[in-house]
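J.: Just one file: model_10.tsv, with TSV, C-alpha atoms.
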chain	number	residue	atom	x	y	z
A	1	MET	CA	-2.15	-35.34	-45.44
A	2	GLN	CA	-3.51	-36.52	-42.12
A	3	LYS	CA	0.01	-36.87	-40.80
A	4	LYS	CA	0.88	-33.38	-41.93
A	5	ILE	CA	-2.12	-31.87	-40.13
A	6	ARG	CA	-1.30	-33.76	-37.00
A	7	SER	CA	2.32	-32.68	-36.98
A	8	LEU	CA	1.26	-29.10	-37.64
A	9	ALA	CA	-1.15	-29.34	-34.70
A	10	VAL	CA	1.61	-30.62	-32.46
A	11	ILE	CA	3.93	-27.81	-33.51
A	12	GLY	CA	1.11	-25.29	-33.01
A	13	LEU	CA	0.40	-26.60	-29.53
A	14	GLY	CA	4.10	-26.43	-28.73
A	15	ILE	CA	4.27	-22.80	-29.79
A	16	ALA	CA	1.14	-22.02	-27.76
A	17	VAL	CA	2.62	-23.55	-24.63
A	18	ILE	CA	5.82	-21.55	-25.04
A	19	ALA	CA	3.91	-18.38	-25.81
A	20	PHE	CA	1.53	-18.71	-22.87
A	21	SER	CA	4.08	-19.50	-20.23
A	22	CYS	CA	7.29	-17.83	-19.23
A	23	GLN	CA	8.35	-20.91	-17.34
A	24	PRO	CA	8.93	-24.09	-19.28
A	25	ASN	CA	7.40	-26.43	-16.70
A	26	VAL	CA	3.91	-25.04	-16.31
A	27	SER	CA	0.84	-26.32	-18.10
A	28	ILE	CA	-1.34	-24.16	-20.31
A	29	GLN	CA	-3.99	-24.07	-17.62
A	30	THR	CA	-1.50	-22.83	-15.05
A	31	ALA	CA	-0.27	-20.20	-17.47
A	32	GLN	CA	-3.84	-19.08	-18.13
A	33	TYR	CA	-4.60	-18.91	-14.41
A	34	ALA	CA	-1.47	-16.81	-13.96
A	35	VAL	CA	-2.52	-14.39	-16.71
A	36	ASN	CA	-5.94	-13.94	-15.11
A	37	GLY	CA	-4.27	-13.65	-11.73
A	38	GLN	CA	-1.95	-10.90	-12.89
A	39	LYS	CA	-4.83	-8.49	-13.54
A	40	LEU	CA	-6.39	-9.23	-10.17
A	41	TYR	CA	-2.99	-8.92	-8.50
A	42	GLN	CA	-2.48	-5.48	-10.03
A	43	THR	CA	-5.87	-4.36	-8.74
A	44	HIS	CA	-5.81	-5.80	-5.24
A	45	CYS	CA	-2.24	-6.58	-4.20
A	46	GLN	CA	0.36	-4.65	-6.20
A	47	ASN	CA	0.04	-1.31	-4.39
A	48	CYS	CA	1.59	-2.78	-1.27
A	49	HIS	CA	3.46	-5.86	-2.47
A	50	GLY	CA	4.90	-4.31	-5.65
A	51	ALA	CA	4.92	-5.22	-9.34
A	52	LYS	CA	7.64	-7.82	-8.79
A	53	GLY	CA	6.33	-9.03	-5.44
A	54	GLU	CA	9.21	-7.16	-3.82
A	55	GLY	CA	7.21	-5.71	-0.91
A	56	LEU	CA	8.12	-2.33	0.57
A	57	GLY	CA	10.79	-1.92	3.26
A	58	ALA	CA	9.68	-3.46	6.52
A	59	LEU	CA	6.10	-2.31	5.92
A	60	TYR	CA	4.86	-4.93	3.48
A	61	PRO	CA	6.52	-8.32	3.03
A	62	PRO	CA	7.80	-9.56	-0.31
A	63	LEU	CA	5.92	-12.49	-1.86
A	64	THR	CA	9.04	-14.33	-2.89
A	65	ASP	CA	9.58	-16.61	0.10
A	66	THR	CA	9.17	-20.04	-1.48
A	67	VAL	CA	9.56	-21.88	1.82
A	68	TYR	CA	6.74	-19.83	3.36
A	69	GLN	CA	4.57	-20.44	0.31
A	70	ARG	CA	5.13	-24.19	0.42
A	71	GLU	CA	4.59	-24.58	4.15
A	72	ASN	CA	1.52	-22.33	4.25
A	73	ARG	CA	-0.04	-23.24	0.89
A	74	HIS	CA	-3.29	-24.35	2.58
A	75	ARG	CA	-3.58	-21.01	4.45
A	76	LEU	CA	-2.91	-18.64	1.56
A	77	ALA	CA	-6.55	-18.44	0.39
A	78	CYS	CA	-7.65	-17.35	3.88
A	79	ILE	CA	-4.96	-14.66	4.00
A	80	VAL	CA	-6.01	-13.22	0.63
A	81	LYS	CA	-9.71	-13.21	1.52
A	82	PHE	CA	-9.65	-12.24	5.20
A	83	GLY	CA	-6.26	-10.61	5.68
A	84	LEU	CA	-3.65	-11.28	8.34
A	85	ASN	CA	-3.60	-9.87	11.86
A	86	GLU	CA	-0.57	-11.56	13.31
A	87	PRO	CA	3.17	-11.10	12.79
A	88	VAL	CA	4.57	-13.08	9.90
A	89	SER	CA	8.16	-14.17	9.25
A	90	ILE	CA	9.28	-13.84	5.63
A	91	HIS	CA	12.88	-14.49	4.55
A	92	GLY	CA	13.75	-14.35	8.26
A	93	GLU	CA	12.30	-10.83	8.74
A	94	THR	CA	9.25	-10.19	10.89
A	95	TYR	CA	6.41	-8.07	9.53
A	96	ASP	CA	3.86	-7.06	12.14
A	97	GLY	CA	1.48	-4.67	10.38
A	98	PRO	CA	-2.04	-5.94	9.75
A	99	MET	CA	-2.97	-6.86	6.19
A	100	PRO	CA	-6.49	-6.10	5.00
A	101	GLY	CA	-8.24	-8.93	3.16
A	102	VAL	CA	-10.22	-8.73	-0.05
A	103	PRO	CA	-13.49	-10.39	1.02
A	104	GLN	CA	-15.30	-9.83	-2.27
A	105	LEU	CA	-13.01	-12.21	-4.19
A	106	SER	CA	-14.56	-15.48	-5.36
A	107	PRO	CA	-12.74	-18.83	-4.95
A	108	ILE	CA	-11.78	-18.95	-8.63
A	109	GLU	CA	-10.39	-15.40	-8.46
A	110	ILE	CA	-8.34	-16.35	-5.41
A	111	ALA	CA	-7.09	-19.40	-7.32
A	112	TYR	CA	-5.99	-17.08	-10.16
A	113	ILE	CA	-4.18	-14.69	-7.81
A	114	LEU	CA	-2.42	-17.42	-5.84
A	115	THR	CA	-1.37	-19.16	-9.06
A	116	TYR	CA	0.12	-15.91	-10.30
A	117	ILE	CA	1.99	-15.24	-7.04
A	118	THR	CA	3.32	-18.74	-6.46
A	119	THR	CA	4.41	-19.39	-10.04
A	120	ARG	CA	5.69	-15.92	-10.90
A	121	PHE	CA	7.29	-14.85	-7.61
A	122	GLY	CA	7.72	-18.31	-6.13
A	123	ASN	CA	8.89	-21.49	-7.81
A	124	SER	CA	5.65	-23.46	-7.97
A	125	ASN	CA	4.66	-25.08	-11.26
A	126	ASP	CA	1.11	-25.95	-10.28
A	127	ASN	CA	-1.97	-23.83	-10.37
A	128	PHE	CA	-4.34	-23.49	-7.44
A	129	THR	CA	-7.66	-25.09	-8.28
A	130	GLN	CA	-11.01	-23.72	-7.26
A	131	GLU	CA	-11.52	-26.84	-5.14
A	132	GLU	CA	-8.23	-26.32	-3.35
A	133	VAL	CA	-9.18	-22.72	-2.55
A	134	LYS	CA	-12.65	-23.74	-1.33
A	135	LYS	CA	-11.11	-26.36	0.92
A	136	GLY	CA	-8.66	-23.80	2.27
A	137	LEU	CA	-11.41	-21.25	2.90
A	138	ALA	CA	-13.48	-23.83	4.80
A	139	SER	CA	-10.74	-24.04	7.42
A	140	CYS	CA	-10.12	-20.29	7.92
A	141	LYS	CA	-9.72	-19.34	11.53
B	142	MET	CA	19.83	23.18	-57.43
B	143	ALA	CA	21.87	20.31	-56.11
B	144	GLY	CA	24.79	22.69	-55.73
B	145	TYR	CA	22.82	24.84	-53.28
B	146	ARG	CA	21.73	21.96	-51.18
B	147	THR	CA	25.10	20.60	-50.11
B	148	PRO	CA	26.42	23.40	-47.86
B	149	TYR	CA	23.19	23.49	-45.87
B	150	LEU	CA	23.57	20.10	-44.29
B	151	PRO	CA	26.75	20.78	-42.23
B	152	VAL	CA	25.36	24.17	-41.22
B	153	CYS	CA	22.16	22.56	-40.04
B	154	ILE	CA	24.03	19.97	-38.02
B	155	VAL	CA	26.21	22.59	-36.35
B	156	ALA	CA	23.17	24.72	-35.60
B	157	LEU	CA	21.36	21.74	-34.17
B	158	LEU	CA	24.29	20.82	-31.96
B	159	LEU	CA	24.59	24.37	-30.68
B	160	SER	CA	20.89	24.66	-29.92
B	161	ALA	CA	20.95	21.27	-28.25
B	162	CYS	CA	23.67	22.47	-25.89
B	163	THR	CA	22.15	25.83	-25.06
B	164	GLY	CA	18.63	24.42	-24.95
B	165	ARG	CA	19.67	22.09	-22.17
B	166	ASN	CA	20.97	24.88	-20.00
B	167	ASN	CA	18.01	27.13	-20.66
B	168	LYS	CA	15.32	24.64	-19.78
B	169	LYS	CA	13.23	25.99	-16.95
B	170	LEU	CA	10.32	24.49	-15.13
B	171	PRO	CA	7.03	26.37	-15.21
B	172	ILE	CA	5.76	28.21	-12.16
B	173	ILE	CA	2.37	26.77	-11.33
B	174	GLY	CA	-0.68	28.39	-9.74
B	175	GLU	CA	-2.49	31.68	-9.90
B	176	ARG	CA	-0.44	34.82	-10.21
B	177	GLU	CA	-1.17	38.48	-10.01
B	178	ALA	CA	0.52	41.59	-11.32
B	179	VAL	CA	1.30	44.25	-8.77
B	180	GLU	CA	2.29	47.74	-9.74
B	181	ARG	CA	4.89	49.51	-7.74
B	182	VAL	CA	6.61	52.87	-8.13
B	183	VAL	CA	10.39	52.82	-8.18
B	184	ASP	CA	12.31	56.10	-8.68
B	185	GLY	CA	9.22	57.73	-10.14
B	186	LYS	CA	8.65	54.93	-12.62
B	187	THR	CA	5.88	52.37	-12.41
B	188	VAL	CA	7.11	48.78	-12.57
B	189	VAL	CA	5.02	45.64	-12.60
B	190	ASP	CA	5.91	42.73	-10.35
B	191	THR	CA	4.42	39.29	-10.72
B	192	LEU	CA	3.31	37.71	-7.48
B	193	TYR	CA	3.37	33.93	-7.81
B	194	HIS	CA	1.39	31.41	-5.83
B	195	GLN	CA	3.46	30.39	-2.80
B	196	ILE	CA	3.13	27.84	-0.04
B	197	PRO	CA	2.27	29.87	3.09
B	198	ALA	CA	3.95	29.50	6.49
B	199	PHE	CA	3.07	26.29	8.34
B	200	THR	CA	3.67	24.54	11.63
B	201	PHE	CA	3.25	20.81	12.07
B	202	LEU	CA	4.35	18.03	14.41
B	203	ASN	CA	6.78	15.51	12.91
B	204	GLN	CA	7.61	11.85	13.50
B	205	ASP	CA	9.92	12.76	16.38
B	206	SER	CA	7.20	14.86	18.06
B	207	THR	CA	9.11	18.04	17.31
B	208	ILE	CA	7.76	21.13	15.61
B	209	ILE	CA	8.46	21.46	11.91
B	210	THR	CA	7.83	24.74	10.13
B	211	ASP	CA	8.35	26.27	6.71
B	212	LYS	CA	11.65	27.65	8.12
B	213	ASP	CA	13.04	24.10	8.09
B	214	PHE	CA	12.63	24.12	4.30
B	215	GLU	CA	14.20	27.53	3.78
B	216	ASN	CA	16.55	27.65	0.78
B	217	LYS	CA	15.71	24.08	-0.09
B	218	VAL	CA	13.89	22.38	-2.90
B	219	TYR	CA	11.39	19.89	-1.53
B	220	VAL	CA	8.87	17.31	-2.62
B	221	ALA	CA	5.57	17.30	-0.73
B	222	ASN	CA	2.74	14.79	-0.70
B	223	PHE	CA	-0.34	13.67	1.24
B	224	PHE	CA	-0.85	10.13	2.53
B	225	PHE	CA	-1.86	8.13	5.59
B	226	THR	CA	-0.12	5.15	7.13
B	227	HIS	CA	-2.86	2.53	6.77
B	228	CYS	CA	-3.96	3.75	3.33
B	229	PRO	CA	-4.80	0.66	1.30
B	230	SER	CA	-5.04	2.29	-2.11
B	231	ILE	CA	-2.53	4.59	-3.80
B	232	CYS	CA	-0.18	5.52	-0.95
B	233	PRO	CA	2.11	2.46	-0.94
B	234	THR	CA	2.90	2.90	-4.63
B	235	MET	CA	3.34	6.66	-4.22
B	236	GLN	CA	5.65	6.22	-1.21
B	237	ARG	CA	7.57	3.42	-2.93
B	238	ASN	CA	8.30	5.81	-5.80
B	239	LEU	CA	9.16	8.74	-3.53
B	240	LEU	CA	11.49	6.41	-1.63
B	241	LYS	CA	13.47	5.93	-4.86
B	242	VAL	CA	13.92	9.70	-5.11
B	243	TYR	CA	14.90	9.87	-1.42
B	244	GLU	CA	17.46	7.12	-1.84
B	245	LYS	CA	19.02	8.84	-4.84
B	246	TYR	CA	19.39	12.18	-3.05
B	247	LYS	CA	19.99	10.92	0.47
B	248	GLY	CA	22.47	13.24	2.20
B	249	ASN	CA	21.92	16.10	-0.28
B	250	ASP	CA	20.97	19.04	1.95
B	251	LYS	CA	19.53	21.04	-0.95
B	252	LEU	CA	16.61	18.65	-1.21
B	253	ALA	CA	14.02	17.60	1.38
B	254	PHE	CA	10.81	15.59	1.52
B	255	LEU	CA	7.58	16.36	3.34
B	256	SER	CA	4.77	13.83	3.72
B	257	HIS	CA	1.59	15.11	5.36
B	258	SER	CA	-0.70	12.58	6.99
B	259	ILE	CA	-4.35	13.29	6.29
B	260	ASP	CA	-5.42	10.83	9.00
B	261	PHE	CA	-5.22	13.26	11.90
B	262	LYS	CA	-7.08	10.79	14.15
B	263	TYR	CA	-4.78	7.77	13.90
B	264	ASP	CA	-1.39	8.93	12.63
B	265	SER	CA	0.21	10.24	15.80
B	266	PRO	CA	3.97	11.02	15.75
B	267	SER	CA	4.79	7.55	17.12
B	268	VAL	CA	2.75	5.89	14.35
B	269	LEU	CA	4.50	8.09	11.79
B	270	LYS	CA	7.90	7.25	13.30
B	271	SER	CA	7.24	3.53	13.04
B	272	TYR	CA	6.03	3.96	9.46
B	273	ALA	CA	9.07	6.04	8.44
B	274	THR	CA	11.50	3.57	9.98
B	275	LYS	CA	9.84	0.61	8.29
B	276	LEU	CA	9.77	2.43	4.98
B	277	GLY	CA	13.54	2.86	5.29
B	278	VAL	CA	13.77	6.56	6.19
B	279	ASP	CA	16.40	7.11	8.85
B	280	ASN	CA	17.31	10.79	8.68
B	281	ALA	CA	15.61	14.18	8.98
B	282	GLN	CA	15.67	14.80	5.23
B	283	TRP	CA	12.23	13.24	4.90
B	284	GLN	CA	9.70	14.61	7.37
B	285	PHE	CA	6.39	12.94	8.15
B	286	VAL	CA	4.00	15.39	9.73
B	287	THR	CA	0.61	15.55	11.39
B	288	GLY	CA	-1.53	18.49	12.41
B	289	SER	CA	-5.10	19.55	12.98
B	290	LYS	CA	-7.62	18.65	10.32
B	291	LYS	CA	-8.00	22.33	9.46
B	292	ASP	CA	-4.26	22.87	9.05
B	293	ILE	CA	-3.52	19.74	7.02
B	294	TYR	CA	-6.52	19.98	4.72
B	295	GLY	CA	-5.98	23.74	4.46
B	296	ILE	CA	-2.39	23.38	3.33
B	297	SER	CA	-3.27	20.63	0.85
B	298	GLU	CA	-5.27	23.24	-1.03
B	299	LYS	CA	-2.18	25.43	-1.19
B	300	TYR	CA	-0.29	22.54	-2.79
B	301	LEU	CA	-3.25	22.16	-5.17
B	302	VAL	CA	-3.80	18.59	-3.97
B	303	TYR	CA	-7.32	17.33	-3.29
B	304	THR	CA	-7.86	15.71	0.12
B	305	LYS	CA	-11.10	14.82	1.82
B	306	GLU	CA	-12.39	12.79	4.72
B	307	ASP	CA	-14.71	10.32	3.03
B	308	ALA	CA	-16.17	7.27	4.74
B	309	SER	CA	-16.88	5.65	1.38
B	310	ALA	CA	-13.25	5.86	0.20
B	311	PRO	CA	-10.84	2.98	0.92
B	312	GLY	CA	-9.38	3.60	4.37
B	313	GLY	CA	-11.75	6.51	5.05
B	314	TYR	CA	-9.94	9.27	3.19
B	315	ASP	CA	-9.96	10.34	-0.40
B	316	HIS	CA	-6.95	12.12	-1.86
B	317	GLN	CA	-4.75	12.61	-4.89
B	318	GLY	CA	-1.34	10.99	-5.15
B	319	TYR	CA	0.61	13.96	-6.44
B	320	LEU	CA	4.26	14.49	-5.65
B	321	VAL	CA	4.49	18.28	-5.62
B	322	LEU	CA	7.81	19.91	-6.42
B	323	ILE	CA	8.47	23.13	-4.50
B	324	ASP	CA	11.34	25.51	-5.21
B	325	GLN	CA	13.45	27.64	-2.87
B	326	GLN	CA	10.89	30.46	-3.02
B	327	LYS	CA	8.07	28.11	-1.99
B	328	ARG	CA	6.59	28.16	-5.48
B	329	ILE	CA	5.08	25.06	-7.12
B	330	ARG	CA	7.23	23.99	-10.06
B	331	GLY	CA	5.72	20.61	-10.89
B	332	ALA	CA	3.19	17.99	-9.81
B	333	TYR	CA	3.64	14.32	-10.68
B	334	ASP	CA	1.26	11.43	-10.19
B	335	GLY	CA	3.19	9.30	-7.71
B	336	THR	CA	1.51	6.13	-8.97
B	337	ASN	CA	2.49	6.68	-12.61
B	338	GLU	CA	5.91	5.38	-13.70
B	339	GLU	CA	6.33	7.90	-16.52
B	340	GLN	CA	5.47	10.88	-14.36
B	341	VAL	CA	7.81	9.71	-11.63
B	342	ALA	CA	10.58	9.45	-14.26
B	343	GLN	CA	9.72	13.04	-15.24
B	344	LEU	CA	10.09	14.07	-11.60
B	345	PHE	CA	13.65	12.69	-11.59
B	346	THR	CA	14.44	14.74	-14.71
B	347	ASP	CA	12.77	17.94	-13.50
B	348	LEU	CA	14.38	17.68	-10.07
B	349	GLU	CA	17.81	17.88	-11.66
B	350	ILE	CA	16.77	20.98	-13.61
B	351	LEU	CA	15.37	22.67	-10.52
B	352	LEU	CA	18.37	21.85	-8.36
B	353	GLN	CA	20.62	23.55	-10.91
B	354	GLU	CA	18.48	26.67	-11.12
B	355	ARG	CA	19.88	29.76	-9.43
B	356	PRO	CA	17.39	31.15	-6.95
Rewrite the coordinates I just gave you, this time as structure tokens.
T.:
Amino acid sequence: MQKKIRSLAVIGLGIAVIAFSCQPNVSIQTAQYAVNGQKLYQTHCQNCHGAKGEGLGALYPPLTDTVYQRENRHRLACIVKFGLNEPVSIHGETYDGPMPGVPQLSPIEIAYILTYITTRFGNSNDNFTQEEVKKGLASCK
Amino acid sequence: MAGYRTPYLPVCIVALLLSACTGRNNKKLPIIGEREAVERVVDGKTVVDTLYHQIPAFTFLNQDSTIITDKDFENKVYVANFFFTHCPSICPTMQRNLLKVYEKYKGNDKLAFLSHSIDFKYDSPSVLKSYATKLGVDNAQWQFVTGSKKDIYGISEKYLVYTKEDASAPGGYDHQGYLVLIDQQKRIRGAYDGTNEEQVAQLFTDLEILLQERP
């Protein structure tokens, strides 16, 4: 009986993992962060960057440059919260329009958004933690 | 009873097919806005004409710093909207969707696009030019225009689109994201929320109907 319950629990967990995540390699927590992040993304980011992170022409950059995301991971929280006022090179194209920040976002909300962007549009498997975002925000220029 | 029923089915199907064919050709878009009936005497008889709401004459400055008037849209169907270049709210989505329409009909001289900037302070022709180029607009089919506050906000009323300078709105201006469909007689034939996928899909459908209509 005990064994049966345990194996059922394992199967149930397996189904939950598959159901919560589109990508096979992300943890439940990452998948949950991404779900929360999607709503915030739709509210604060999607107008310019698009539902698939595709950007818009040369006006707004796509959010699909995995190299940029990896190399600038520590700066992403600052960009979301305070915007960007310098040219940025994405997929080899330069985008020079200023980006407004969303200063009212809390660290956990920023962690949700960045998890959504980097796992859904990028190829990251790890969620941003609140601590990581706080650390990033402490070093904003 | 059963004997009566059988011949009806093929008849119904044929009737349905016929109506489906003719119905497609007969579909017409509504004419939107206030209208008035005007009586007129022709050959001693009184006839009633309907005067429809029309977009009045206008003169604006475009992204190339040249004058654009209603004459440039003569005998054309066009889609008009109101936006501003650094609008953080609905404009990017609205322009992204209008860009899809532009790309589909690029090079078709029966259809034009007219985006009015409601930020008369910042959106000079050079700012509009840079915006248009970055959006991916590289011909005169899509005009981006600026004008005095009175002219731009005045004409927005004629398109039945709400625009207002409002310091509390994101970016400083409040406005509706309608894509307004205008026919060859400058009458409004449809208005579609440029941020709503379903309504934008309807615009694609209605545009085809309007382009096939004989003026």
J.: Please identify all polymer residues within 10 Å of Gly335 (chain B), counting all atoms listed in the file, omitting same-chain residues fewer than 5 positions from it, and present them as a ChimeraX atom specification.
T.: /B:222,231-239,317-321,340-342,344
J.: Determine, counting all atoms listed in the file, which protein, DNA and RNA residues have an atom within 12 Å of an atom of Leu84 (chain A); residues of the same chain fewer than 3 positions away are not included. Present the result as a list in words.
T.: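 Final neighbour list, sorted by chain and number: Tyr60, Pro61, Arg75, Leu76, Ala77, Cys78, Ile79, Val80, Lys81, Pro87, Val88, Tyr95, Asp96, Gly97, Pro98, Met99, Pro100, Gly101, Val102, Cys140 and Lys141 of chain A.
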J.: Can you work out the spacing between CA of Arg73 (chain A) and CA of Leu276 (chain B) in Å, to one decimal?
T.: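 Separating CA of Arg73 (chain A) from CA of Leu276 (chain B) is a distance of 27.8 Å.
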J.: If the cut-off is 8 Å, can you tell me the residues of chain A near chain B, counting only C-alpha atoms? I'd like them as a list in words.
T.: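 Using only C-alpha atoms, chain A residues at most 8 Å from chain B: Asn47, Cys48, Gly50, Leu56, Gly57, Ala58, Leu59 and Pro100 of chain A.
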J.: Keeping only C-alpha atoms, write the selected residues as a CSV table (one decimal), in the coordinates of the input.
T.:
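result_3.csv written:
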chain,number,residue,atom,x,y,z
A,47,ASN,CA,0.0,-1.3,-4.4
A,48,CYS,CA,1.6,-2.8,-1.3
A,50,GLY,CA,4.9,-4.3,-5.6
A,56,LEU,CA,8.1,-2.3,0.6
A,57,GLY,CA,10.8,-1.9,3.3
A,58,ALA,CA,9.7,-3.5,6.5
A,59,LEU,CA,6.1,-2.3,5.9
A,100,PRO,CA,-6.5,-6.1,5.0
J.: Suppose you want the space between CA of Lys291 (chain B) and CA of Glu175 (chain B); what is it in Å?
T.: 22.2 Å
J.: Could you check how far CA of Ser106 (chain A) sits from CA of Glu131 (chain A), in Å to one decimal?
T.: 11.8 Å
J.: Within 8 Å of (1.7, -10.7, -12.9), in the coordinates the file gives, what residues turn up when you count all atoms listed in the file, written out as a PyMOL selection string?
T.: chain A and resi 34-35+37-39+41-42+51-52+116-117+120
J.: Write out the residues from the selection above, keeping C-alpha atoms, as a compact mmCIF listing (two decimals), in the frame of the given file.
T.:
# COMPACT_ATOMS: atom_id res chain seq x y z
CA ALA A 34 -1.47 -16.81 -13.96
CA VAL A 35 -2.52 -14.39 -16.71
CA GLY A 37 -4.27 -13.65 -11.73
CA GLN A 38 -1.95 -10.90 -12.89
CA LYS A 39 -4.83 -8.49 -13.54
CA TYR A 41 -2.99 -8.92 -8.50
CA GLN A 42 -2.48 -5.48 -10.03
CA ALA A 51 4.92 -5.22 -9.34
CA LYS A 52 7.64 -7.82 -8.79
CA TYR A 116 0.12 -15.91 -10.30
CA ILE A 117 1.99 -15.24 -7.04
CA ARG A 120 5.69 -15.92 -10.90
J.: B:Gly248, B:Leu192, B:Val242, B:Ile350: which is nearest Asp279 (chain B), counting only C-alpha atoms?
T.: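 That would be B:Gly248, the residue with the smallest distance to Asp279 (chain B).
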J.: Smallest atom-to-atom distance to Tyr219 (chain B): which of B:Gly313, B:Ile329, B:Asp307, B:Phe261, using only C-alpha atoms?
T.: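 Selected residue with least distance to Tyr219 (chain B): B:Ile329.
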